[in-house]
Amino acid sequence: MRRSWLFRLWRNRSGAAGLILIVLFLAAALAGALGLTPYPPNEQHAKDRMQPPSRQYIFGTDEFGRDVYSRLIRGATNSLSIAFVSVALASVIGSTLGTLAGYFGGRVDNTIMRIMDLFFAFPAILLALAIIAALGPGFRNTILAISVVYMPIFARVARGPVLTVRATEYVTAARCVGARDGRILGRHVLPNIAPPLIVQVSLALSWAILTEAGLSFLGLGIQPPEPSWGSMLSEARSLLELAPWLAIFPGLAIMFCVLGFNLLGDGLRDVLDPRMRGA
Amino acid sequence: MRHFIIQRLAALVPTLLGVSVIVFLVIHLIPGDTITAMIGTQYKLTEAQAASLRAYFGLDKPLWEQYLRWILAAVRGDLGYSVRSGQSVMSEILRSFPVTLELALFSMVIALTLGLPIGILSAVRRDTPVDLFGRLFALVGLALPNFWLGTLIILVLSVVFGIMPNSGDYVSFTEAPLKNLSQLFFPAITLGFAFTASIMRTTRSAMLEVLRQDYVRTARGKGVHERNVIVTHSLRNALIPLITIIGVEFGYLLGGAVIVENVFALPGIGRLIINGIDQRDYAVVQGTVLFVAVCFVMINLLVDIIYAYSDPRIRYE
């Protein structure tokens, strides 16, 4: 019996661990979006500044008396929505370009892939910084920077398998019965190149979370007072010895979220791409 | 081999041109008027003042002419002047780059000394507690953001040991080698941590792959000492994929240094870029990004060549 890939993912050790972590973070992000936090994330409690973790504030409060736990939840909303939107943009545009390049070959291939190659000539974070430098910091520009940087990777990941699939007999057969390019791409090519793309999506999400946090840490991502894990960490630096909890919890949040997507990616690769198993 | 190198060098020209076009266009994405963006909105300029500034920076010319002027000067090593400090961008880069380069090299040394042995051990003792520890280390290492690790290191050093690793002025290696190395030690660990993890991971999977090969079985079968099997027969072949990783990741170390330098207040390229962004000093940002991208391309070329040297199969593709 052929079991669904979700079931097989669940049976995979990395996959299951990744799934659990990501579901937890998605739940937190949803709660943050719906305003289901113990306190409003930007509410200042003047009397309770820099409180260590307690029963009232389980992760403590910051220098303005804002509840760290509530801010982390709201930070999950911000980080995950940036990550998902930018990876969605990068994967759709990037894999479309890569698919077209691989499918049509020749001059189309050359033009698209040479341009994509140029983006690989930059250390990723540097290109993101340059884009932010020009457009200015903020939610939307962070999304734009991350998606531009990751788009060429999707183009590359999509193109390879398309070359293989294009040469298969079922594609030739489809063409013989008169199927148009659009139909061949949608019905025959796309389903067969999906596995490596799905794995890449998971890894891209982990990278997007790290990059967003890094940009916000540098003050170039999400702008205050709106919380982001990266900017919370950066704010914590001046109070490091007085309130270490401010630096510890946002870092843990970033680490476990990135770990979750990495594990999920490893699990997906094991399940969807048997050749890579154990690599 | 010579043919291969010439071919790669020739391919370098269009790549570098393309890179420069991207850098130029990205910086010219600035919405609205560049002069207003540089000066900020707190100063009101008359239209005549703005126009003369625009003429001074050549911003009144068409885009392609601005690009040509910029790239022709850049080829001669002139990246323009910083609007803030008044110094040439090239001299600022040449002052900061050694810091970044040393930091990246130092992290690479740390990553190799830790990552290689752990990776080999993990592969040789597969599925033992040693391997489990190694894999766990790799997972955590790849997920740990370097700016958090840096912050934690500062926290531990200052609270537990009462030292501030980023206090005091930076001294260069030629001025005071020991002081310089001690200043860079913790930043290098911070920057090299994820690199260690990925070297460990690559070493492990490359070793596992090689250990499955027939020639390893042959070597064992004819009674070669296990240490020899691992060092001469396996490791040498496993090193080939490692060269790629080392090259690619070295480029990322240059990028990662941007953040780590800001955590530890080191006066490298990363600080230069971030200060440039904060102060809207576009000549600095543009010049520095171009400089780092050119280094990155050169490193990749070097890796390709080393790769071709170490594996003759590649040259004939």
# chains A, B, ... in the order shown; residues from 1 in each chain; ligands from 1
>>> residues_around(residues="stretch 145-157 of chain B", least_positions_apart="2", cutoff="6 Å", atoms="only C-alpha atoms", output="PyMOL selection string")
(chain A and resi 251) or (chain B and resi 159-161+163+190)
>>> interface_residues(of="chain B", to="chain A", cutoff="9 Å", atoms="only C-alpha atoms", output="ChimeraX atom specification")
/B:15-16,18-19,22-23,26-31,139-140,142-149,151-152,154-155,158-159,204-206,208-209,251-256,258-259,262-263,273-274,276-278,280,282,285-286,289-290,292-294,296-297,300
>>> write_last_selection(atoms="C-alpha atoms", output="PDB file, in the first residue's frame")
ATOM      1  CA  THR B  15      30.519  38.324 -14.966  1.00  0.00           C
ATOM      2  CA  LEU B  16      32.276  41.322 -13.447  1.00  0.00           C
ATOM      3  CA  GLY B  18      27.158  42.147 -14.979  1.00  0.00           C
ATOM      4  CA  VAL B  19      27.912  42.395 -11.278  1.00  0.00           C
ATOM      5  CA  ILE B  22      23.538  45.044 -10.754  1.00  0.00           C
ATOM      6  CA  VAL B  23      25.297  47.003  -7.998  1.00  0.00           C
ATOM      7  CA  VAL B  26      20.314  48.432  -7.120  1.00  0.00           C
ATOM      8  CA  ILE B  27      21.754  51.583  -5.578  1.00  0.00           C
ATOM      9  CA  HIS B  28      19.851  53.648  -8.152  1.00  0.00           C
ATOM     10  CA  LEU B  29      16.592  52.096  -6.996  1.00  0.00           C
ATOM     11  CA  ILE B  30      16.513  54.880  -4.399  1.00  0.00           C
ATOM     12  CA  PRO B  31      13.002  56.227  -4.619  1.00  0.00           C
ATOM     13  CA  LEU B 139      22.154  20.770  13.473  1.00  0.00           C
ATOM     14  CA  VAL B 140      22.541  23.340  16.218  1.00  0.00           C
ATOM     15  CA  LEU B 142      23.495  25.603  11.324  1.00  0.00           C
ATOM     16  CA  ALA B 143      20.494  26.975  13.197  1.00  0.00           C
ATOM     17  CA  LEU B 144      22.318  29.236  15.629  1.00  0.00           C
ATOM     18  CA  PRO B 145      22.292  32.824  14.364  1.00  0.00           C
ATOM     19  CA  ASN B 146      25.825  34.231  14.646  1.00  0.00           C
ATOM     20  CA  PHE B 147      24.634  37.524  16.105  1.00  0.00           C
ATOM     21  CA  TRP B 148      22.983  35.619  18.938  1.00  0.00           C
ATOM     22  CA  LEU B 149      26.029  33.445  19.549  1.00  0.00           C
ATOM     23  CA  THR B 151      25.811  38.230  22.097  1.00  0.00           C
ATOM     24  CA  LEU B 152      25.850  35.143  24.323  1.00  0.00           C
ATOM     25  CA  ILE B 154      29.807  38.637  25.299  1.00  0.00           C
ATOM     26  CA  LEU B 155      27.253  37.928  28.022  1.00  0.00           C
ATOM     27  CA  SER B 158      31.307  39.898  30.889  1.00  0.00           C
ATOM     28  CA  VAL B 159      29.096  38.358  33.573  1.00  0.00           C
ATOM     29  CA  ARG B 204      30.858  13.239   7.280  1.00  0.00           C
ATOM     30  CA  SER B 205      28.774  12.589   4.180  1.00  0.00           C
ATOM     31  CA  ALA B 206      31.799  12.623   1.855  1.00  0.00           C
ATOM     32  CA  LEU B 208      30.551   7.886   4.295  1.00  0.00           C
ATOM     33  CA  GLU B 209      30.342   7.944   0.515  1.00  0.00           C
ATOM     34  CA  GLY B 251      32.605  33.972   0.399  1.00  0.00           C
ATOM     35  CA  TYR B 252      29.749  33.714   2.872  1.00  0.00           C
ATOM     36  CA  LEU B 253      32.186  34.391   5.705  1.00  0.00           C
ATOM     37  CA  LEU B 254      32.844  37.750   4.065  1.00  0.00           C
ATOM     38  CA  GLY B 255      29.093  38.367   4.132  1.00  0.00           C
ATOM     39  CA  GLY B 256      28.619  36.986   7.636  1.00  0.00           C
ATOM     40  CA  VAL B 258      29.101  42.154   8.201  1.00  0.00           C
ATOM     41  CA  ILE B 259      26.939  41.119  11.143  1.00  0.00           C
ATOM     42  CA  ASN B 262      28.730  44.915  14.219  1.00  0.00           C
ATOM     43  CA  VAL B 263      28.266  42.687  17.268  1.00  0.00           C
ATOM     44  CA  ILE B 273      28.659  49.178   4.820  1.00  0.00           C
ATOM     45  CA  ILE B 274      26.288  49.533   7.767  1.00  0.00           C
ATOM     46  CA  GLY B 276      27.261  53.879   4.932  1.00  0.00           C
ATOM     47  CA  ILE B 277      23.645  52.714   4.937  1.00  0.00           C
ATOM     48  CA  ASP B 278      22.838  54.553   8.174  1.00  0.00           C
ATOM     49  CA  ARG B 280      23.008  57.441   3.384  1.00  0.00           C
ATOM     50  CA  TYR B 282      25.716  55.882  -1.227  1.00  0.00           C
ATOM     51  CA  VAL B 285      27.758  51.459  -0.019  1.00  0.00           C
ATOM     52  CA  GLN B 286      28.056  51.112  -3.779  1.00  0.00           C
ATOM     53  CA  VAL B 289      29.388  46.121  -2.220  1.00  0.00           C
ATOM     54  CA  LEU B 290      31.155  46.091  -5.582  1.00  0.00           C
ATOM     55  CA  VAL B 292      33.197  42.478  -1.875  1.00  0.00           C
ATOM     56  CA  ALA B 293      31.345  41.021  -4.868  1.00  0.00           C
ATOM     57  CA  VAL B 294      34.535  41.179  -6.950  1.00  0.00           C
ATOM     58  CA  PHE B 296      33.683  36.799  -4.006  1.00  0.00           C
ATOM     59  CA  VAL B 297      33.900  36.175  -7.766  1.00  0.00           C
ATOM     60  CA  ASN B 300      35.037  31.290  -6.689  1.00  0.00           C
TER      61      ASN B 300
END
>>> atom_distance(atom1="atom CA of A:Val201", atom2="atom CA of A:Val85")
11.5 Å
>>> select_by_dssp(residues="stretch 121-183 of chain B", states="alpha helix (DSSP H)", output="JSON, numbers by chain")
{"B": [121, 122, 123, 124, 129, 130, 131, 132, 133, 134, 135, 136, 137, 138, 139, 140, 141, 142, 143, 146, 147, 148, 149, 150, 151, 152, 153, 154, 155, 156, 157, 158, 159, 160, 177, 178, 179, 180, 181, 182, 183]}
>>> closest_residue(among="B:Ala283, B:Leu191, B:Ala197, B:Leu266", to="B:Ala104", atoms="only C-alpha atoms")
B:Leu191
>>> residues_around(residues="B:Gly80", least_positions_apart="3", cutoff="12 Å", atoms="only C-alpha atoms", output="NGL selection string")
:B and (57-58 or 69-77 or 83 or 85-93 or 281-288)
>>> atom_distance(atom1="atom CA of A:Ala17", atom2="atom CA of A:Ile153")
25.8 Å
>>> closest_residue(among="B:Cys295, B:Leu9, B:Ile246, B:Val130", to="B:Ser107", atoms="only C-alpha atoms")
B:Ile246
>>> residues_around(residues="stretch 179-194 of chain A", least_positions_apart="5", cutoff="8 Å", atoms="only C-alpha atoms", output="PyMOL selection string")
chain A and resi 158+161-162+165-166+170-171+174
>>> residues_around(residues="stretch 236-244 of chain B", least_positions_apart="4", cutoff="9 Å", atoms="only C-alpha atoms", output="CSV table (one decimal) with N, CA and C atoms, in the first residue's frame")
chain,number,residue,atom,x,y,z
B,199,ILE,N,31.2,22.3,7.6
B,199,ILE,CA,32.4,21.5,7.2
B,199,ILE,C,32.2,20.1,7.8
B,202,THR,N,29.6,18.1,5.7
B,202,THR,CA,30.2,17.7,4.4
B,202,THR,C,31.2,16.6,4.5
B,203,THR,N,32.1,16.8,5.5
B,203,THR,CA,33.2,15.8,5.7
B,203,THR,C,32.5,14.5,6.0
B,204,ARG,N,31.5,14.5,6.9
B,204,ARG,CA,30.9,13.2,7.3
B,204,ARG,C,30.2,12.5,6.1
B,205,SER,N,29.5,13.3,5.3
B,205,SER,CA,28.8,12.6,4.2
B,205,SER,C,29.7,12.2,3.1
B,206,ALA,N,30.8,13.0,2.9
B,206,ALA,CA,31.8,12.6,1.9
B,206,ALA,C,32.6,11.4,2.3
B,207,MET,N,32.9,11.3,3.6
B,207,MET,CA,33.6,10.1,4.1
B,207,MET,C,32.7,8.9,4.0
B,208,LEU,N,31.5,9.0,4.4
B,208,LEU,CA,30.6,7.9,4.3
B,208,LEU,C,30.5,7.4,2.9
B,209,GLU,N,30.4,8.3,1.9
B,209,GLU,CA,30.3,7.9,0.5
B,209,GLU,C,31.6,7.2,0.1
B,210,VAL,N,32.8,7.7,0.5
B,210,VAL,CA,34.0,7.1,0.1
B,210,VAL,C,34.2,5.7,0.7
B,230,ILE,N,41.8,5.1,6.4
B,230,ILE,CA,41.1,6.3,6.5
B,230,ILE,C,41.9,7.5,6.0
B,231,VAL,N,43.1,7.6,6.4
B,231,VAL,CA,43.9,8.8,6.0
B,231,VAL,C,44.2,8.8,4.5
B,232,THR,N,44.9,7.8,4.0
B,232,THR,CA,45.3,7.8,2.6
B,232,THR,C,44.3,7.5,1.6
B,248,VAL,N,33.0,28.2,-1.3
B,248,VAL,CA,31.7,28.8,-1.3
B,248,VAL,C,31.5,29.5,0.0
B,249,GLU,N,31.8,28.8,1.1
B,249,GLU,CA,31.6,29.3,2.4
B,249,GLU,C,32.5,30.4,2.8
B,300,ASN,N,35.7,32.4,-6.0
B,300,ASN,CA,35.0,31.3,-6.7
B,300,ASN,C,35.9,30.8,-7.8
B,303,VAL,N,38.7,28.8,-6.5
B,303,VAL,CA,38.2,27.4,-6.0
B,303,VAL,C,38.0,26.5,-7.3
B,304,ASP,N,37.5,27.1,-8.3
B,304,ASP,CA,37.4,26.3,-9.6
B,304,ASP,C,38.7,25.7,-10.0
B,306,ILE,N,41.5,25.4,-8.2
B,306,ILE,CA,42.1,24.4,-7.3
B,306,ILE,C,41.4,23.0,-7.4
B,307,TYR,N,40.1,23.2,-7.7
B,307,TYR,CA,39.2,22.0,-7.8
B,307,TYR,C,39.7,21.2,-9.0
B,310,SER,N,42.9,19.4,-8.3
B,310,SER,CA,42.8,18.2,-7.4
B,310,SER,C,42.0,17.0,-8.0
B,311,ASP,N,41.2,17.3,-9.0
B,311,ASP,CA,40.4,16.3,-9.6
B,311,ASP,C,40.5,16.4,-11.2
>>> residues_around(residues="stretch 66-69 of chain A", least_positions_apart="2", cutoff="7 Å", atoms="only C-alpha atoms", output="PDB file with N, CA and C atoms, in the first residue's frame")
ATOM      1  N   TYR A  39      -0.547  39.971  26.933  1.00  0.00           N
ATOM      2  CA  TYR A  39      -0.646  41.426  26.976  1.00  0.00           C
ATOM      3  C   TYR A  39      -0.514  41.928  25.552  1.00  0.00           C
ATOM      4  N   PRO A  41       1.344  43.380  22.668  1.00  0.00           N
ATOM      5  CA  PRO A  41       2.804  43.316  22.568  1.00  0.00           C
ATOM      6  C   PRO A  41       3.515  44.655  22.715  1.00  0.00           C
ATOM      7  N   ASN A  42       2.830  45.762  22.418  1.00  0.00           N
ATOM      8  CA  ASN A  42       3.506  47.056  22.545  1.00  0.00           C
ATOM      9  C   ASN A  42       3.077  47.823  23.792  1.00  0.00           C
ATOM     10  N   GLU A  43       2.283  47.173  24.671  1.00  0.00           N
ATOM     11  CA  GLU A  43       1.792  47.878  25.854  1.00  0.00           C
ATOM     12  C   GLU A  43       2.912  48.035  26.882  1.00  0.00           C
ATOM     13  N   GLN A  44       3.098  49.255  27.375  1.00  0.00           N
ATOM     14  CA  GLN A  44       4.165  49.498  28.350  1.00  0.00           C
ATOM     15  C   GLN A  44       3.605  49.479  29.763  1.00  0.00           C
ATOM     16  N   HIS A  45       4.268  48.715  30.639  1.00  0.00           N
ATOM     17  CA  HIS A  45       3.872  48.668  32.040  1.00  0.00           C
ATOM     18  C   HIS A  45       4.943  49.406  32.830  1.00  0.00           C
ATOM     19  N   TYR A  57       4.878  37.524  34.244  1.00  0.00           N
ATOM     20  CA  TYR A  57       5.480  37.673  32.916  1.00  0.00           C
ATOM     21  C   TYR A  57       6.447  36.507  32.733  1.00  0.00           C
ATOM     22  N   ILE A  58       6.015  35.473  32.000  1.00  0.00           N
ATOM     23  CA  ILE A  58       6.817  34.245  32.060  1.00  0.00           C
ATOM     24  C   ILE A  58       8.202  34.404  31.442  1.00  0.00           C
ATOM     25  N   PHE A  59       8.373  35.316  30.465  1.00  0.00           N
ATOM     26  CA  PHE A  59       9.723  35.532  29.920  1.00  0.00           C
ATOM     27  C   PHE A  59      10.272  36.896  30.358  1.00  0.00           C
ATOM     28  N   GLY A  60       9.668  37.502  31.359  1.00  0.00           N
ATOM     29  CA  GLY A  60      10.147  38.786  31.848  1.00  0.00           C
ATOM     30  C   GLY A  60       9.628  39.967  31.034  1.00  0.00           C
ATOM     31  N   THR A  61      10.103  41.164  31.399  1.00  0.00           N
ATOM     32  CA  THR A  61       9.705  42.368  30.665  1.00  0.00           C
ATOM     33  C   THR A  61      10.954  43.137  30.244  1.00  0.00           C
ATOM     34  N   ASP A  62      10.789  44.034  29.256  1.00  0.00           N
ATOM     35  CA  ASP A  62      11.943  44.797  28.768  1.00  0.00           C
ATOM     36  C   ASP A  62      12.014  46.158  29.436  1.00  0.00           C
ATOM     37  N   PHE A  64      10.928  48.954  28.739  1.00  0.00           N
ATOM     38  CA  PHE A  64       9.707  49.768  28.771  1.00  0.00           C
ATOM     39  C   PHE A  64       8.586  49.052  29.507  1.00  0.00           C
ATOM     40  N   ARG A  71       5.619  39.792  23.063  1.00  0.00           N
ATOM     41  CA  ARG A  71       6.372  40.342  21.933  1.00  0.00           C
ATOM     42  C   ARG A  71       6.975  39.232  21.074  1.00  0.00           C
ATOM     43  N   LEU A  72       7.379  38.137  21.717  1.00  0.00           N
ATOM     44  CA  LEU A  72       7.909  37.013  20.942  1.00  0.00           C
ATOM     45  C   LEU A  72       6.831  36.405  20.052  1.00  0.00           C
ATOM     46  N   ILE A  73       5.613  36.302  20.607  1.00  0.00           N
ATOM     47  CA  ILE A  73       4.505  35.735  19.823  1.00  0.00           C
ATOM     48  C   ILE A  73       4.214  36.626  18.617  1.00  0.00           C
TER      49      ILE A  73
END
>>> closest_residue(among="B:Gly247, B:Leu63, B:Leu136, B:Ala257", to="B:Ile269", atoms="only C-alpha atoms")
B:Ala257
>>> atom_distance(atom1="atom CA of A:Leu246", atom2="atom CA of A:Ala29")
19.7 Å
>>> decode(residues="stretch 158-205 of chain A", atoms="C-alpha atoms", output="mmCIF file, in the first residue's frame")
data_model
loop_
_atom_site.group_PDB
_atom_site.id
_atom_site.type_symbol
_atom_site.label_atom_id
_atom_site.label_comp_id
_atom_site.auth_asym_id
_atom_site.auth_seq_id
_atom_site.Cartn_x
_atom_site.Cartn_y
_atom_site.Cartn_z
ATOM 1 C CA ALA A 158 14.009 23.931 -11.041
ATOM 2 C CA ARG A 159 16.039 23.946 -14.243
ATOM 3 C CA GLY A 160 18.045 20.760 -13.655
ATOM 4 C CA PRO A 161 15.149 18.314 -13.303
ATOM 5 C CA VAL A 162 13.261 20.020 -16.161
ATOM 6 C CA LEU A 163 16.122 19.106 -18.484
ATOM 7 C CA THR A 164 15.731 15.468 -17.478
ATOM 8 C CA VAL A 165 11.943 15.423 -17.665
ATOM 9 C CA ARG A 166 11.894 17.174 -21.043
ATOM 10 C CA ALA A 167 13.815 14.280 -22.564
ATOM 11 C CA THR A 168 11.485 11.576 -21.208
ATOM 12 C CA GLU A 169 9.197 9.512 -23.421
ATOM 13 C CA TYR A 170 5.997 10.622 -21.741
ATOM 14 C CA VAL A 171 6.738 14.222 -22.669
ATOM 15 C CA THR A 172 7.444 13.209 -26.264
ATOM 16 C CA ALA A 173 4.235 11.167 -26.230
ATOM 17 C CA ALA A 174 2.246 14.131 -24.942
ATOM 18 C CA ARG A 175 3.706 16.297 -27.653
ATOM 19 C CA CYS A 176 2.839 13.691 -30.299
ATOM 20 C CA VAL A 177 -0.816 13.684 -29.344
ATOM 21 C CA GLY A 178 -0.784 17.441 -29.827
ATOM 22 C CA ALA A 179 -0.520 18.788 -26.283
ATOM 23 C CA ARG A 180 0.518 22.405 -26.126
ATOM 24 C CA ASP A 181 3.565 23.641 -24.205
ATOM 25 C CA GLY A 182 1.395 25.051 -21.419
ATOM 26 C CA ARG A 183 -0.343 21.733 -20.859
ATOM 27 C CA ILE A 184 2.884 19.740 -20.983
ATOM 28 C CA LEU A 185 4.494 22.074 -18.473
ATOM 29 C CA GLY A 186 1.528 22.022 -16.103
ATOM 30 C CA ARG A 187 0.520 18.367 -16.326
ATOM 31 C CA HIS A 188 3.761 16.556 -16.956
ATOM 32 C CA VAL A 189 6.758 18.677 -16.077
ATOM 33 C CA LEU A 190 5.671 20.484 -12.918
ATOM 34 C CA PRO A 191 4.511 17.438 -10.904
ATOM 35 C CA ASN A 192 7.787 15.713 -11.658
ATOM 36 C CA ILE A 193 10.076 18.527 -10.657
ATOM 37 C CA ALA A 194 8.109 19.358 -7.493
ATOM 38 C CA PRO A 195 10.062 17.250 -4.946
ATOM 39 C CA PRO A 196 13.381 19.136 -5.056
ATOM 40 C CA LEU A 197 11.477 22.424 -5.101
ATOM 41 C CA ILE A 198 9.502 21.494 -1.987
ATOM 42 C CA VAL A 199 12.705 20.602 -0.158
ATOM 43 C CA GLN A 200 14.193 23.902 -1.252
ATOM 44 C CA VAL A 201 11.151 25.806 0.023
ATOM 45 C CA SER A 202 11.725 24.456 3.503
ATOM 46 C CA LEU A 203 15.423 25.365 3.476
ATOM 47 C CA ALA A 204 14.627 28.772 1.989
ATOM 48 C CA LEU A 205 12.201 29.439 4.839
#
